[in-house]
Structures are given as structure tokens and as C-alpha cells.
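Containing compact mmCIF, C-alpha atoms: data-v2.txt.
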```txt
# COMPACT_ATOMS: atom_id res chain seq x y z
CA MET A 1 41.53 164.46 164.94
CA ASP A 2 40.50 160.93 164.25
CA LEU A 3 36.99 161.17 165.54
CA ALA A 4 35.48 164.64 165.24
CA GLY A 5 31.77 165.27 165.75
CA LEU A 6 28.89 163.24 167.07
CA GLY A 7 27.85 159.81 165.86
CA LYS A 8 31.09 158.88 164.25
CA GLY A 9 30.98 161.87 161.93
CA GLY A 10 34.72 162.23 162.28
CA GLN A 11 35.28 158.75 160.87
CA GLN A 12 33.15 159.63 157.88
CA LEU A 13 35.13 162.81 157.33
CA GLN A 14 38.38 160.90 157.66
CA SER A 15 37.32 158.28 155.11
CA CYS A 16 36.14 161.04 152.76
CA ARG A 17 39.46 162.79 153.20
CA LYS A 18 41.35 159.58 152.37
CA ALA A 19 39.13 158.92 149.37
CA TYR A 20 39.61 162.49 148.17
CA ILE A 21 43.41 162.28 148.52
CA LYS A 22 43.39 158.95 146.68
CA ALA A 23 41.17 160.44 143.94
CA VAL A 24 43.53 163.42 143.57
CA GLU A 25 46.53 161.07 143.30
CA LEU A 26 44.71 159.04 140.67
CA LEU A 27 43.82 162.24 138.79
CA VAL A 28 47.50 163.25 138.84
CA GLN A 29 48.46 159.84 137.44
CA LEU A 30 45.68 160.11 134.87
CA ALA A 31 46.88 163.57 133.80
CA ASN A 32 50.44 162.22 133.55
CA LEU A 33 49.25 159.30 131.39
CA GLN A 34 47.14 161.64 129.25
CA THR A 35 50.17 163.88 128.65
CA ALA A 36 52.26 160.85 127.73
CA PHE A 37 49.47 159.67 125.43
CA LEU A 38 49.31 163.05 123.68
CA THR A 39 53.09 163.12 123.27
CA LEU A 40 53.01 159.60 121.87
CA ASP A 41 50.13 160.55 119.55
CA GLU A 42 52.13 163.50 118.17
CA ALA A 43 55.17 161.28 117.65
CA LEU A 44 52.95 158.76 115.86
CA LYS A 45 51.55 161.49 113.58
CA VAL A 46 55.07 162.71 112.75
CA THR A 47 56.16 159.16 112.02
CA ASN A 48 53.11 158.58 109.80
CA ARG A 49 53.90 161.76 107.87
CA ARG A 50 57.46 160.58 107.37
CA VAL A 51 56.30 157.14 106.23
CA ASN A 52 53.86 158.73 103.79
CA ALA A 53 56.59 161.02 102.50
CA LEU A 54 58.90 158.06 102.00
CA GLU A 55 56.24 155.96 100.27
CA ASN A 56 54.74 158.70 98.11
CA VAL A 57 57.72 160.95 97.34
CA VAL A 58 61.11 159.39 98.01
CA LYS A 59 60.35 155.85 96.86
CA PRO A 60 58.91 156.91 93.46
CA ARG A 61 61.88 159.22 92.89
CA ILE A 62 64.32 156.42 93.63
CA GLU A 63 62.38 154.02 91.39
CA ASN A 64 62.42 156.58 88.57
CA THR A 65 66.15 157.08 89.05
CA ILE A 66 66.73 153.32 88.99
CA SER A 67 64.69 152.89 85.80
CA TYR A 68 66.56 155.80 84.18
CA ILE A 69 69.94 154.29 85.12
CA LYS A 70 68.85 150.87 83.80
CA GLY A 71 67.75 152.48 80.54
CA GLU A 72 71.04 154.31 80.17
CA LEU A 73 73.01 151.14 80.91
CA ASP A 74 70.97 149.23 78.33
CA GLU A 75 71.62 151.97 75.78
CA LEU A 76 75.35 151.87 76.53
CA GLU A 77 75.32 148.10 76.17
CA ARG A 78 73.59 148.34 72.78
CA GLU A 79 76.11 150.96 71.64
CA GLU A 80 79.00 148.79 72.77
CA PHE A 81 77.53 145.76 70.97
CA PHE A 82 77.12 147.80 67.79
CA ARG A 83 80.67 149.10 68.13
CA LEU A 84 82.00 145.55 68.54
CA LYS A 85 80.11 144.42 65.44
CA MET A 86 81.57 147.30 63.46
CA VAL A 87 85.09 146.47 64.66
CA GLN A 88 84.60 142.83 63.70
CA LYS A 89 83.37 143.82 60.22
CA ASN A 90 86.33 146.13 59.76
CA LYS A 91 88.74 143.38 60.88
CA GLN A 92 87.14 140.92 58.47
CA LYS A 93 87.36 143.42 55.62
CA GLN A 94 90.99 144.12 56.50
CA ALA A 95 91.73 140.38 56.68
CA VAL A 96 90.22 139.89 53.19
CA ILE A 97 92.23 142.79 51.83
CA ASN A 98 95.41 141.45 53.45
CA ALA A 99 94.73 137.96 52.10
CA LYS A 100 94.24 139.33 48.59
CA ALA A 101 97.43 141.35 48.92
CA GLU A 102 99.35 138.29 50.10
CA LEU A 103 98.00 136.26 47.18
CA THR A 104 99.02 138.89 44.65
CA LYS A 105 102.40 139.27 46.33
CA ALA A 106 102.89 135.48 46.35
CA ALA A 107 101.83 135.26 42.72
CA ALA A 108 104.25 138.04 41.82
CA LEU A 109 107.08 136.37 43.76
CA ASP A 110 106.27 133.02 42.15
CA VAL A 111 106.59 134.60 38.71
CA ILE A 112 109.90 136.15 39.70
CA ILE A 113 111.25 133.03 41.45
CA THR A 114 110.32 130.61 38.66
CA PRO A 115 112.79 132.08 36.14
CA ALA A 116 115.43 132.25 38.84
CA VAL A 117 114.94 128.57 39.64
CA ALA A 118 115.18 127.65 35.98
CA ALA A 119 118.38 129.65 35.69
CA THR A 120 120.02 127.90 38.65
CA GLY A 121 119.22 124.49 37.31
CA GLY A 122 116.04 123.71 39.14
CA SER A 123 117.24 124.09 42.73
CA SER A 124 115.87 126.88 44.80
CA SER A 125 117.80 128.43 47.61
CA MET A 126 116.34 128.94 51.02
CA LEU A 127 117.03 132.64 50.77
CA SER A 128 114.67 133.16 47.84
CA THR A 129 111.55 132.12 49.80
CA LYS A 130 110.07 134.31 52.45
CA ASP A 131 108.80 132.80 55.69
CA GLU A 132 106.52 134.51 58.16
CA ASP A 133 108.06 135.60 61.42
CA ILE A 134 107.43 133.27 64.32
CA ILE A 135 107.16 134.76 67.79
CA PHE A 136 107.88 132.50 70.73
```
Go through the file and emit its structure as C-alpha cells.
Amino acid sequence: MDLAGLGKGGQQLQSCRKAYIKAVELLVQLANLQTAFLTLDEALKVTNRRVNALENVVKPRIENTISYIKGELDELEREEFFRLKMVQKNKQKQAVINAKAELTKAAALDVIITPAVAATGGSSSMLSTKDEDIIF
């Protein structure tokens, strides 16, 4: 069936047939590429929606959470600083009170020890003075 008809009409039909088959194959490839393109386009749209959601919803929420946590940590730090200052003031007040108490106690002991020293002839014993405890 290579040459059918008069005046090489069969060759023309054969070349048309080949061109038609080639065109159909190209159309199949084109349809396949178009389907792939549409699938890729849908995936791109989904990805763009996710990116927009991340940028416009998730990221601001996380930034707000971070700023809230930083604020709370700053507040806790200020409270701790204030608490330390109060403890230092209380320790200083207690140290002043203890120093005054030691002075009055030393003055009272000095008054008591002085007559005892005069009675013993001016020599004081080591037992009459009180030393602070030393911890090694």
C-alpha cells in the first residue's frame, strides 16, 4: 500500500498519514506536558498559600510570643534586682544593729571587767576576755 492511486497520489497519502501520526504523537506529548503544567501550577498555588500563611499568620504570632516572653523576663529581672536591693538593705540594717549591740555589750563587759582587773592587782586573765570563734 505504498503507492495507491494515479500520479503518485499514494505517496501523498502516505506522507499525510505519517504527518498525521506525528501530529497526534505531538498532541499526546503536549497534553501530557499541559497536565504536568497544571499539576505544577496547583502545587505552586498551594505552596504560595502556605508561604502567605506563614508570613502573615504564623510569623506575627511567633514574634508576639517572643516579645511577650522578653517582656516577662525583663519584669522578672527587675523584680529580682529589687529583691536583691531589699535583701542588701536588710543585711546592712542588721549589721548596724549587730554592731551597736556588740558595742553596748563590749562597753558593759568593759565596765564589769575593769573592777575585776583592779581587784586582781591589774592583771587580767585570758578567761575574762571573749574572743570570736574562728572557723578553719
Calculate how many Å separate atom CA of A:Asp133 from atom CA of A:Lys105, rounding to one decimal.
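These atoms are spaced 16.5 Å apart.
In this structure, atom CA of A:Ala53 sits 18.6 Å away from atom CA of A:Ile66.
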Which value, in Å to one decimal, gives the distance between atom CA of A:Thr47 and atom CA of A:Ser67?
28.3 Å
